[in-house]
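What follows is the content of coords-v4.txt, which has compact mmCIF, C-alpha atoms:
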```txt
# COMPACT_ATOMS: atom_id res chain seq x y z
CA MET A 707 10.11 7.89 11.91
CA SER A 708 8.14 11.13 11.98
CA LEU A 709 4.45 11.27 11.15
CA THR A 710 5.23 13.27 7.99
CA VAL A 711 7.62 10.63 6.65
CA PHE A 712 5.25 7.84 7.70
CA ALA A 713 2.29 9.39 5.84
CA ALA A 714 4.41 10.20 2.78
CA VAL A 715 5.67 6.62 2.46
CA LEU A 716 2.11 5.28 2.75
CA GLY A 717 1.18 7.59 -0.14
CA ALA A 718 4.12 6.21 -2.10
CA ALA A 719 2.87 2.69 -1.36
CA LEU A 720 -0.49 3.50 -2.94
CA LEU A 721 1.14 4.93 -6.06
CA HIS A 722 3.43 1.91 -6.27
CA ALA A 723 0.51 -0.50 -6.24
CA VAL A 724 -1.24 1.56 -8.93
CA TRP A 725 1.59 1.35 -11.45
CA ASN A 726 2.12 -2.36 -10.76
CA ALA A 727 -1.56 -2.95 -11.47
CA LEU A 728 -1.31 -0.94 -14.70
CA VAL A 729 1.56 -3.13 -15.90
CA LYS A 730 -0.18 -6.32 -14.82
CA GLY A 731 -3.42 -5.21 -16.46
CA SER A 732 -1.70 -4.51 -19.77
CA ALA A 733 -2.35 -7.04 -22.52
CA ASP A 734 1.37 -6.84 -23.39
CA LYS A 735 3.42 -6.78 -20.17
CA ALA A 736 6.65 -5.79 -21.93
CA LEU A 737 4.91 -2.88 -23.65
CA GLY A 738 3.34 -1.81 -20.36
CA MET A 739 6.68 -1.81 -18.55
CA THR A 740 8.43 0.00 -21.41
CA ALA A 741 5.73 2.66 -21.47
CA MET A 742 5.93 3.19 -17.73
CA ILE A 743 9.73 3.41 -17.72
CA SER A 744 9.67 5.80 -20.68
CA GLY A 745 7.40 8.04 -18.64
CA ILE A 746 9.78 7.90 -15.67
CA GLY A 747 12.58 9.06 -17.96
CA LEU A 748 10.50 11.97 -19.24
CA TYR A 749 9.72 13.15 -15.72
CA GLY A 750 13.35 12.70 -14.69
CA ALA A 751 14.50 14.84 -17.63
CA ALA A 752 11.93 17.49 -16.73
CA MET A 753 13.21 17.65 -13.14
CA ILE A 754 16.94 17.89 -13.91
CA PRO A 755 16.97 21.65 -14.71
CA PHE A 756 15.50 22.36 -11.28
CA VAL A 757 17.91 20.35 -9.10
CA PRO A 758 21.66 20.67 -8.48
CA LEU A 759 24.15 18.20 -9.89
CA PRO A 760 24.72 15.22 -7.60
CA ASP A 761 27.92 15.20 -5.59
CA PRO A 762 30.62 13.28 -7.54
CA ALA A 763 30.67 10.66 -4.77
CA ALA A 764 27.10 9.70 -5.71
CA TRP A 765 27.75 8.73 -9.34
CA PRO A 766 28.91 5.16 -8.63
CA TYR A 767 25.65 4.68 -6.72
CA ILE A 768 23.61 6.20 -9.56
CA LEU A 769 25.17 3.82 -12.10
CA GLY A 770 24.81 0.89 -9.73
CA SER A 771 21.17 1.83 -9.18
CA VAL A 772 20.52 1.85 -12.92
CA GLY A 773 21.93 -1.66 -13.32
CA LEU A 774 19.90 -3.01 -10.40
CA HIS A 775 16.69 -1.35 -11.58
CA LEU A 776 17.14 -2.85 -15.04
CA GLY A 777 17.44 -6.31 -13.49
CA TYR A 778 14.40 -5.67 -11.32
CA GLN A 779 12.32 -4.51 -14.29
CA TYR A 780 13.24 -7.52 -16.41
CA PHE A 781 12.34 -10.09 -13.77
CA LEU A 782 9.18 -8.25 -12.71
CA VAL A 783 7.84 -8.33 -16.27
CA SER A 784 8.83 -12.00 -16.55
CA ALA A 785 6.94 -12.78 -13.34
CA TYR A 786 3.79 -10.90 -14.39
CA ARG A 787 3.73 -12.76 -17.69
CA VAL A 788 3.18 -16.07 -15.92
CA GLY A 789 1.66 -15.18 -12.52
CA ASP A 790 -1.15 -13.20 -10.88
CA LEU A 791 -0.61 -9.82 -9.24
CA THR A 792 -1.63 -11.33 -5.89
CA GLN A 793 0.97 -14.10 -6.26
CA VAL A 794 3.93 -12.24 -7.72
CA TYR A 795 3.62 -9.06 -5.65
CA PRO A 796 3.76 -10.70 -2.18
CA ILE A 797 6.86 -12.79 -2.93
CA ALA A 798 8.73 -9.96 -4.63
CA ARG A 799 7.93 -7.40 -1.97
CA GLY A 800 7.92 -9.67 1.09
CA THR A 801 11.53 -10.81 0.84
CA ALA A 802 13.02 -7.35 0.37
CA PRO A 803 12.35 -5.81 3.84
CA LEU A 804 14.04 -8.69 5.68
CA LEU A 805 17.10 -8.56 3.42
CA VAL A 806 17.38 -4.77 3.70
CA THR A 807 17.04 -4.91 7.49
CA GLY A 808 19.63 -7.66 7.83
CA VAL A 809 22.20 -5.81 5.72
CA SER A 810 21.42 -2.47 7.39
CA VAL A 811 22.08 -3.89 10.86
CA ALA A 812 24.93 -6.29 10.07
CA VAL A 813 26.84 -4.29 7.45
CA LEU A 814 25.81 -0.64 7.68
CA GLY A 815 25.69 -0.61 11.49
CA VAL A 816 22.18 0.85 11.70
CA ASP A 817 20.75 0.78 15.23
CA LEU A 818 17.12 -0.34 15.24
CA SER A 819 14.98 -0.84 18.32
CA ARG A 820 13.38 -4.20 19.06
CA MET A 821 9.99 -2.75 18.21
CA GLU A 822 11.24 -1.56 14.82
CA VAL A 823 12.77 -4.94 14.00
CA LEU A 824 9.53 -6.62 15.07
CA ALA A 825 7.52 -4.25 12.87
CA VAL A 826 9.66 -5.09 9.83
CA ALA A 827 9.32 -8.83 10.53
CA VAL A 828 5.53 -8.58 10.92
CA ILE A 829 5.16 -6.61 7.67
CA ALA A 830 7.32 -9.14 5.80
CA ALA A 831 5.38 -12.06 7.31
CA GLY A 832 2.05 -10.53 6.36
CA ILE A 833 3.17 -9.96 2.78
CA ALA A 834 4.87 -13.34 2.33
CA SER A 835 1.90 -15.22 3.78
CA LEU A 836 -0.20 -14.06 0.84
CA ALA A 837 2.03 -16.11 -1.45
CA LEU A 838 1.37 -19.16 0.74
CA VAL A 839 -2.35 -18.51 0.38
CA ARG A 840 -2.04 -18.76 -3.38
CA ARG A 841 -0.41 -22.18 -3.09
CA ARG A 842 -3.20 -23.44 -0.86
CA ASP A 843 -5.63 -22.25 -3.54
CA GLY A 844 -4.17 -24.96 -5.74
CA LEU A 845 -2.72 -22.36 -8.10
CA ARG A 846 0.96 -23.11 -7.49
CA ASN A 847 3.13 -21.50 -10.13
CA GLY A 848 6.76 -22.34 -9.53
CA LYS A 849 8.10 -20.31 -12.45
CA ALA A 850 6.29 -17.14 -11.35
CA SER A 851 7.48 -17.67 -7.78
CA ALA A 852 11.10 -18.05 -8.89
CA PHE A 853 10.96 -14.87 -10.97
CA ALA A 854 9.27 -13.04 -8.08
CA LEU A 855 11.93 -14.15 -5.60
CA ILE A 856 14.73 -12.92 -7.87
CA THR A 857 12.82 -9.66 -8.24
CA GLY A 858 12.80 -9.37 -4.44
CA LEU A 859 16.59 -9.73 -4.33
CA PHE A 860 16.94 -6.87 -6.80
CA ILE A 861 14.50 -4.74 -4.77
CA ALA A 862 16.58 -5.21 -1.63
CA ALA A 863 19.80 -4.40 -3.48
CA TYR A 864 18.58 -1.23 -5.16
CA SER A 865 16.90 -0.02 -1.96
CA LEU A 866 20.23 -0.12 -0.13
CA VAL A 867 22.19 1.41 -3.00
CA ASP A 868 19.62 4.17 -3.51
CA GLY A 869 19.38 4.95 0.18
CA VAL A 870 23.14 5.36 0.58
CA GLY A 871 23.48 7.08 -2.80
CA ALA A 872 20.75 9.64 -2.12
CA ARG A 873 22.56 10.69 1.03
CA ALA A 874 25.89 10.88 -0.78
CA ALA A 875 24.34 13.01 -3.57
CA GLY A 876 23.49 15.81 -1.17
CA ASN A 877 20.03 16.14 -2.74
CA ALA A 878 17.60 13.23 -2.94
CA MET A 879 15.71 14.57 -5.97
CA SER A 880 18.94 15.16 -7.87
CA PHE A 881 19.92 11.54 -7.31
CA TRP A 882 16.51 10.28 -8.45
CA ALA A 883 16.18 12.55 -11.49
CA TRP A 884 19.51 11.42 -12.95
CA SER A 885 18.94 7.78 -12.02
CA ALA A 886 15.48 7.83 -13.63
CA LEU A 887 16.71 9.47 -16.84
CA ILE A 888 19.68 7.13 -17.32
CA ASP A 889 17.66 4.04 -16.42
CA ALA A 890 14.93 4.94 -18.91
CA ALA A 891 17.41 5.80 -21.65
CA VAL A 892 19.23 2.47 -21.30
CA PHE A 893 16.00 0.47 -21.02
CA VAL A 894 14.40 2.04 -24.10
CA LEU A 895 17.63 1.71 -26.08
CA LEU A 896 17.81 -2.00 -25.29
CA ALA A 897 14.13 -2.38 -26.13
CA ALA A 898 14.64 -0.60 -29.46
CA MET A 899 17.51 -2.95 -30.31
CA LEU A 900 15.80 -6.16 -29.21
CA MET A 901 12.12 -5.35 -29.82
CA PRO A 902 11.87 -2.43 -32.27
CA ARG A 903 8.19 -3.05 -33.00
CA LEU A 904 7.41 -2.71 -29.30
CA VAL A 905 8.99 0.75 -29.08
CA ARG A 906 7.06 1.92 -32.14
CA ARG A 907 3.84 0.98 -30.33
CA LEU A 908 4.48 3.39 -27.46
CA ARG A 909 2.45 6.14 -29.14
CA GLY A 910 -0.61 3.96 -28.83
CA VAL A 911 -0.24 3.77 -25.05
CA TRP A 912 0.65 7.42 -24.39
CA TRP A 913 -1.74 7.41 -21.43
CA LEU A 914 0.35 4.70 -19.78
CA VAL A 915 3.57 6.58 -20.55
CA LEU A 916 2.24 9.68 -18.83
CA GLY A 917 -0.03 8.15 -16.17
CA GLY A 918 1.96 5.07 -15.21
CA GLY A 919 5.21 7.01 -15.48
CA ALA A 920 3.88 9.72 -13.19
CA ALA A 921 2.70 7.22 -10.56
CA SER A 922 5.99 5.36 -10.57
CA PHE A 923 8.19 8.48 -10.67
CA ALA A 924 6.32 10.18 -7.83
CA SER A 925 6.18 6.99 -5.77
CA TYR A 926 9.91 6.42 -5.80
CA ALA A 927 10.74 10.11 -5.51
CA ILE A 928 8.96 10.04 -2.14
CA VAL A 929 10.80 6.89 -1.12
CA ILE A 930 14.20 8.33 -2.13
CA TRP A 931 13.48 11.42 -0.04
CA ALA A 932 12.34 9.26 2.88
CA PHE A 933 15.61 7.28 2.70
CA THR A 934 17.38 10.50 3.70
CA GLN A 935 14.97 11.17 6.58
CA ALA A 936 14.67 7.77 8.29
CA PRO A 937 16.50 4.41 8.41
CA ILE A 938 16.48 2.73 4.99
CA ALA A 939 15.20 -0.54 6.45
CA LEU A 940 12.12 1.11 7.99
CA VAL A 941 11.25 3.04 4.83
CA ALA A 942 11.72 -0.05 2.64
CA ALA A 943 9.49 -2.12 4.91
CA LEU A 944 6.74 0.48 5.25
CA ARG A 945 6.60 0.96 1.49
CA GLU A 946 5.74 -2.71 1.14
CA THR A 947 2.38 -2.09 2.77
CA SER A 948 1.50 -1.31 -0.84
CA ILE A 949 0.46 -4.98 -0.88
CA VAL A 950 -2.74 -3.87 0.85
CA PHE A 951 -3.54 -1.52 -2.03
CA ALA A 952 -2.39 -4.12 -4.58
CA LEU A 953 -4.78 -6.66 -3.07
CA LEU A 954 -7.71 -4.25 -3.29
CA ILE A 955 -6.85 -3.40 -6.90
CA GLY A 956 -6.26 -7.04 -7.82
CA VAL A 957 -9.61 -8.13 -6.41
CA GLY A 958 -11.69 -5.08 -7.31
CA LEU A 959 -10.39 -4.27 -10.79
CA LEU A 960 -8.48 -7.32 -12.03
CA LYS A 961 -11.12 -9.75 -10.66
CA GLU A 962 -8.61 -11.92 -8.79
CA ARG A 963 -9.84 -14.15 -5.96
CA LEU A 964 -10.33 -12.93 -2.39
CA ASP A 965 -10.70 -15.19 0.63
CA LEU A 966 -10.48 -15.00 4.42
CA ALA A 967 -6.83 -16.05 4.50
CA LYS A 968 -5.87 -13.08 2.33
CA VAL A 969 -7.82 -10.75 4.58
CA VAL A 970 -5.92 -12.08 7.60
CA SER A 971 -2.59 -11.67 5.80
CA THR A 972 -3.48 -8.09 4.98
CA ALA A 973 -4.42 -7.44 8.62
CA VAL A 974 -1.02 -8.75 9.73
CA THR A 975 0.71 -6.39 7.28
CA LEU A 976 -1.27 -3.44 8.64
CA LEU A 977 -0.38 -4.50 12.19
CA GLY A 978 3.29 -4.28 11.26
CA ALA A 979 2.77 -0.76 9.94
CA ALA A 980 1.03 0.22 13.19
CA LEU A 981 3.91 -1.21 15.24
CA MET A 982 6.37 0.80 13.21
CA ARG A 983 4.47 4.00 13.87
CA LEU A 984 4.42 3.26 17.61
CA ALA A 985 8.14 2.42 17.77
CA ARG A 986 10.39 4.95 19.51
```
When written as structure tokens, how does the structure in this file appear?
Amino acid sequence: MSLTVFAAVLGAALLHAVWNALVKGSADKALGMTAMISGIGLYGAAMIPFVPLPDPAAWPYILGSVGLHLGYQYFLVSAYRVGDLTQVYPIARGTAPLLVTGVSVAVLGVDLSRMEVLAVAVIAAGIASLALVRRRDGLRNGKASAFALITGLFIAAYSLVDGVGARAAGNAMSFWAWSALIDAAVFVLLAAMLMPRLVRRLRGVWWLVLGGGAASFASYAIVIWAFTQAPIALVAALRETSIVFALLIGVGLLKERLDLAKVVSTAVTLLGAALMRLAR
């Protein structure tokens, strides 16, 4: 992975943690997620005139991506309703890199060096260990953990589909613009049918539509591009260093608890990122 891709994905990780914190910090998690996704759709629509149409071979991946993102969004909101950012985030994000790496090597035939595999494992271990810290705090929340684990499965699935689909599209931004627009349109339509009052409240959170939408759209746009520049497994794992930023936001702004064990877990995650940069 080149230094340019490495730095770009770290920037995406920061943006990813920001929008997760915005949703978690919202009084109404469903409204926060709907606002953020609406913003993604607006930015996707704005980008479409400036990118070519995706190659026809990419459309099954685009539609598959939309379905997987909808599942991810539903379970993420469900998890944040009942659990802390520093509990939900580590479980959801820690499982995905291992799953993506396993499928990439076993099914897609991706050749990773031992150092790269070790880096992915260390990042995943650092992230997942934060969830264990929460249980030792005596704040076990089985329901939040279950929702977070399912969210992690969706993350792994859409990462693989998006990585392959972006390459098939011939243009990473074309793939993302259309995926973002369709995903947002379907999500808001379902919200309007099931929770019409919620959709009418979007005007009152226009700042989250524009700000949260921008952070999320830009974050994943970078990741989609990186999927076409480096192995999907490495990009997916490096993006999960966003847990470091999420921890800082959770403690500094959301007033969640910090202890030595969490600091150690964060250090392990950063060690994994350093190993990845040194690989090959």
message: Let me make sure I understand: among A:Val813, A:Val915, A:Leu759, A:Val729, which one has the smallest atom-to-atom distance to Ile746 of chain A if we use all atoms listed in the file?
response: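 Among the listed residues, A:Val915 lies closest to Ile746 of chain A.
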query: Quick one: of A:Ala979, A:Val715, A:Leu748, A:Ala927, who's nearest to Met879 of chain A, counting all atoms listed in the file?
result: A:Ala927
query: For Ala719 of chain A, which residue among A:Ala798, A:Val828, A:Leu737, A:Leu944 is the nearest when counting all atoms listed in the file?
result: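 Nearest to Ala719 of chain A: A:Leu944.
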field: Residue neighbourhood segment 882-884 of chain A, 8 Å, all atoms listed in the file, exclusion window fewer than 4 positions, as a list in words
entry: Tyr749, Gly750, Ala751, Met753, Ile754, Ile768, Ala872, Ala878, Ile888, Ala927 and Ile930 of chain A
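Every protein, DNA or RNA residue with an atom at most 6 Å from segment 831-836 of chain A, where all atoms listed in the file count and chain neighbours fewer than 6 positions away do not, is listed here: Pro796, Ile797, Gly800, Lys968, Ser971, Val974 and Thr975 of chain A.
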How would the residues just chosen look if you wrote them out with C-alpha atoms as a PDB file, in the frame of the given file?
```pdb
ATOM      1  CA  PRO A 796       3.760 -10.700  -2.180  1.00  0.00           C
ATOM      2  CA  ILE A 797       6.860 -12.790  -2.930  1.00  0.00           C
ATOM      3  CA  GLY A 800       7.920  -9.670   1.090  1.00  0.00           C
ATOM      4  CA  LYS A 968      -5.870 -13.080   2.330  1.00  0.00           C
ATOM      5  CA  SER A 971      -2.590 -11.670   5.800  1.00  0.00           C
ATOM      6  CA  VAL A 974      -1.020  -8.750   9.730  1.00  0.00           C
ATOM      7  CA  THR A 975       0.710  -6.390   7.280  1.00  0.00           C
TER       8      THR A 975
END
```
- request: Go through A:Thr740, A:Ser851, A:Ser708, A:Ser819 one by one, measure the shortest atom-to-atom distance of each to Arg906 of chain A using all atoms listed in the file, and give the residue with the smallest value.
  value: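 Among the listed residues, A:Thr740 lies closest to Arg906 of chain A.
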- prompt: Can you tell me, as a list in words, what residues are no more than 6 Å from Gly871 of chain A when counting all atoms listed in the file, ignoring any on the same chain fewer than 3 positions away?
  reply: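 My reading of the contact set: Ala764, Tyr767, Val867, Asp868 and Ala874 of chain A.
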task: Figure out the distance between atom CA of Gly918 of chain A and atom CA of Lys849 of chain A, please, to one decimal in Å.
output: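 Taking atom CA of Lys849 of chain A and atom CA of Gly918 of chain A, their separation equals 26.3 Å.
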field: Between atom CA of Val894 of chain A and atom CA of Val757 of chain A, distance in Å (one decimal)
entry: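 So the answer is 23.9 Å.
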message: With 12 Å as the threshold, what does the neighbourhood of (15.3, -1.3, -26.1) contain in terms of residues, counting all atoms listed in the file? Coordinates are those of the file; answer as a list in words.
response: Ala736, Leu737, Met739, Thr740, Ala741, Ile743, Ser744, Leu776, Tyr780, Asp889, Ala890, Ala891, Val892, Phe893, Val894, Leu895, Leu896, Ala897, Ala898, Met899, Leu900, Met901, Pro902, Arg903, Leu904, Val905, Arg906 and Leu908 of chain A
For Glu946 of chain A, the nearest of the candidates A:Ser925, A:Asn877, A:Ser771, A:Gln779, counting all atoms listed in the file: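 Looking only at the distances to Glu946 of chain A, the closest residue turns out to be A:Ser925.
Reported to one decimal place, the separation of atom CA of Val711 of chain A from atom CA of Ala802 of chain A is 19.8 Å.
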message: So, with all atoms listed in the file as the atoms that count, which of A:Val724, A:Val950, A:Ala863, A:Ile856 lies closest to Val970 of chain A?
response: A:Val950
Might I get the box with edges along x, y and z of the file that holds all atoms of segment 731-747 of chain A listed there, padded by 8 Å on every side, given as centre and edge lengths in Å to one decimal, as AutoDock Vina command-line options?
```
--center_x 4.6 --center_y 1.0 --center_z -19.7 --size_x 32.0 --size_y 32.1 --size_z 24.0
```
message: When you look at Met821 of chain A with a cut-off of 10 Å (counting all atoms listed in the file), what residues show up, excluding the ones that are within fewer than 3 positions of it in the same chain? I need them as a PyMOL selection string.
response: chain A and resi 818+824-827+978+981-986
Neighbour list for Tyr778 of chain A as a VMD selection string, cut-off 8 Å, only C-alpha atoms, skip fewer than 5 positions in-chain: chain A and resid 857 to 858 860 to 861
Could you get me a file of segment 967-978 of chain A with all heavy atoms, as a tab-separated table (two decimals), in the first residue's frame, taken from the block above?
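Below is the file that was written, selection.tsv:
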```tsv
chain	number	residue	atom	x	y	z
A	967	ALA	N	-6.93	0.20	30.30
A	967	ALA	CA	-7.13	-0.91	29.37
A	967	ALA	C	-7.52	-0.41	27.98
A	967	ALA	O	-7.09	-0.96	26.96
A	967	ALA	CB	-8.21	-1.85	29.93
A	968	LYS	N	-8.33	0.63	27.93
A	968	LYS	CA	-8.72	1.18	26.64
A	968	LYS	C	-7.54	1.84	25.94
A	968	LYS	O	-7.40	1.78	24.72
A	968	LYS	CB	-9.86	2.19	26.83
A	968	LYS	CG	-11.18	1.55	27.19
A	968	LYS	CD	-12.25	2.61	27.36
A	968	LYS	CE	-13.55	1.99	27.83
A	968	LYS	NZ	-14.60	3.01	28.08
A	969	VAL	N	-6.68	2.46	26.71
A	969	VAL	CA	-5.48	3.07	26.14
A	969	VAL	C	-4.59	2.00	25.53
A	969	VAL	O	-4.05	2.15	24.42
A	969	VAL	CB	-4.72	3.86	27.22
A	969	VAL	CG1	-3.39	4.36	26.66
A	969	VAL	CG2	-5.56	5.03	27.72
A	970	VAL	N	-4.44	0.87	26.23
A	970	VAL	CA	-3.63	-0.23	25.71
A	970	VAL	C	-4.25	-0.80	24.44
A	970	VAL	O	-3.55	-1.07	23.45
A	970	VAL	CB	-3.49	-1.34	26.78
A	970	VAL	CG1	-2.81	-2.58	26.18
A	970	VAL	CG2	-2.70	-0.82	27.98
A	971	SER	N	-5.57	-0.97	24.43
A	971	SER	CA	-6.25	-1.48	23.24
A	971	SER	C	-6.03	-0.56	22.05
A	971	SER	O	-5.81	-1.01	20.92
A	971	SER	CB	-7.74	-1.63	23.52
A	971	SER	OG	-7.98	-2.59	24.52
A	972	THR	N	-6.09	0.73	22.29
A	972	THR	CA	-5.86	1.70	21.23
A	972	THR	C	-4.43	1.61	20.71
A	972	THR	O	-4.18	1.69	19.50
A	972	THR	CB	-6.14	3.12	21.75
A	972	THR	OG1	-7.49	3.19	22.21
A	972	THR	CG2	-5.93	4.15	20.66
A	973	ALA	N	-3.47	1.42	21.63
A	973	ALA	CA	-2.07	1.30	21.24
A	973	ALA	C	-1.85	0.07	20.35
A	973	ALA	O	-1.09	0.12	19.39
A	973	ALA	CB	-1.19	1.23	22.48
A	974	VAL	N	-2.54	-1.02	20.67
A	974	VAL	CA	-2.44	-2.24	19.86
A	974	VAL	C	-2.97	-1.97	18.45
A	974	VAL	O	-2.38	-2.40	17.45
A	974	VAL	CB	-3.21	-3.40	20.52
A	974	VAL	CG1	-3.27	-4.60	19.59
A	974	VAL	CG2	-2.55	-3.79	21.83
A	975	THR	N	-4.10	-1.26	18.36
A	975	THR	CA	-4.67	-0.93	17.06
A	975	THR	C	-3.69	-0.10	16.23
A	975	THR	O	-3.50	-0.34	15.04
A	975	THR	CB	-5.98	-0.15	17.24
A	975	THR	OG1	-6.88	-0.90	18.05
A	975	THR	CG2	-6.64	0.11	15.89
A	976	LEU	N	-3.07	0.88	16.87
A	976	LEU	CA	-2.09	1.71	16.16
A	976	LEU	C	-0.86	0.91	15.75
A	976	LEU	O	-0.26	1.16	14.69
A	976	LEU	CB	-1.68	2.88	17.06
A	976	LEU	CG	-2.76	3.92	17.33
A	976	LEU	CD1	-2.28	4.95	18.33
A	976	LEU	CD2	-3.17	4.61	16.02
A	977	LEU	N	-0.48	-0.07	16.57
A	977	LEU	CA	0.63	-0.95	16.20
A	977	LEU	C	0.31	-1.72	14.92
A	977	LEU	O	1.17	-1.86	14.04
A	977	LEU	CB	0.93	-1.94	17.34
A	977	LEU	CG	1.96	-3.03	17.04
A	977	LEU	CD1	3.33	-2.42	16.72
A	977	LEU	CD2	2.07	-4.00	18.22
A	978	GLY	N	-0.93	-2.19	14.82
A	978	GLY	CA	-1.33	-2.89	13.60
A	978	GLY	C	-1.24	-2.01	12.37
A	978	GLY	O	-0.79	-2.43	11.31
```
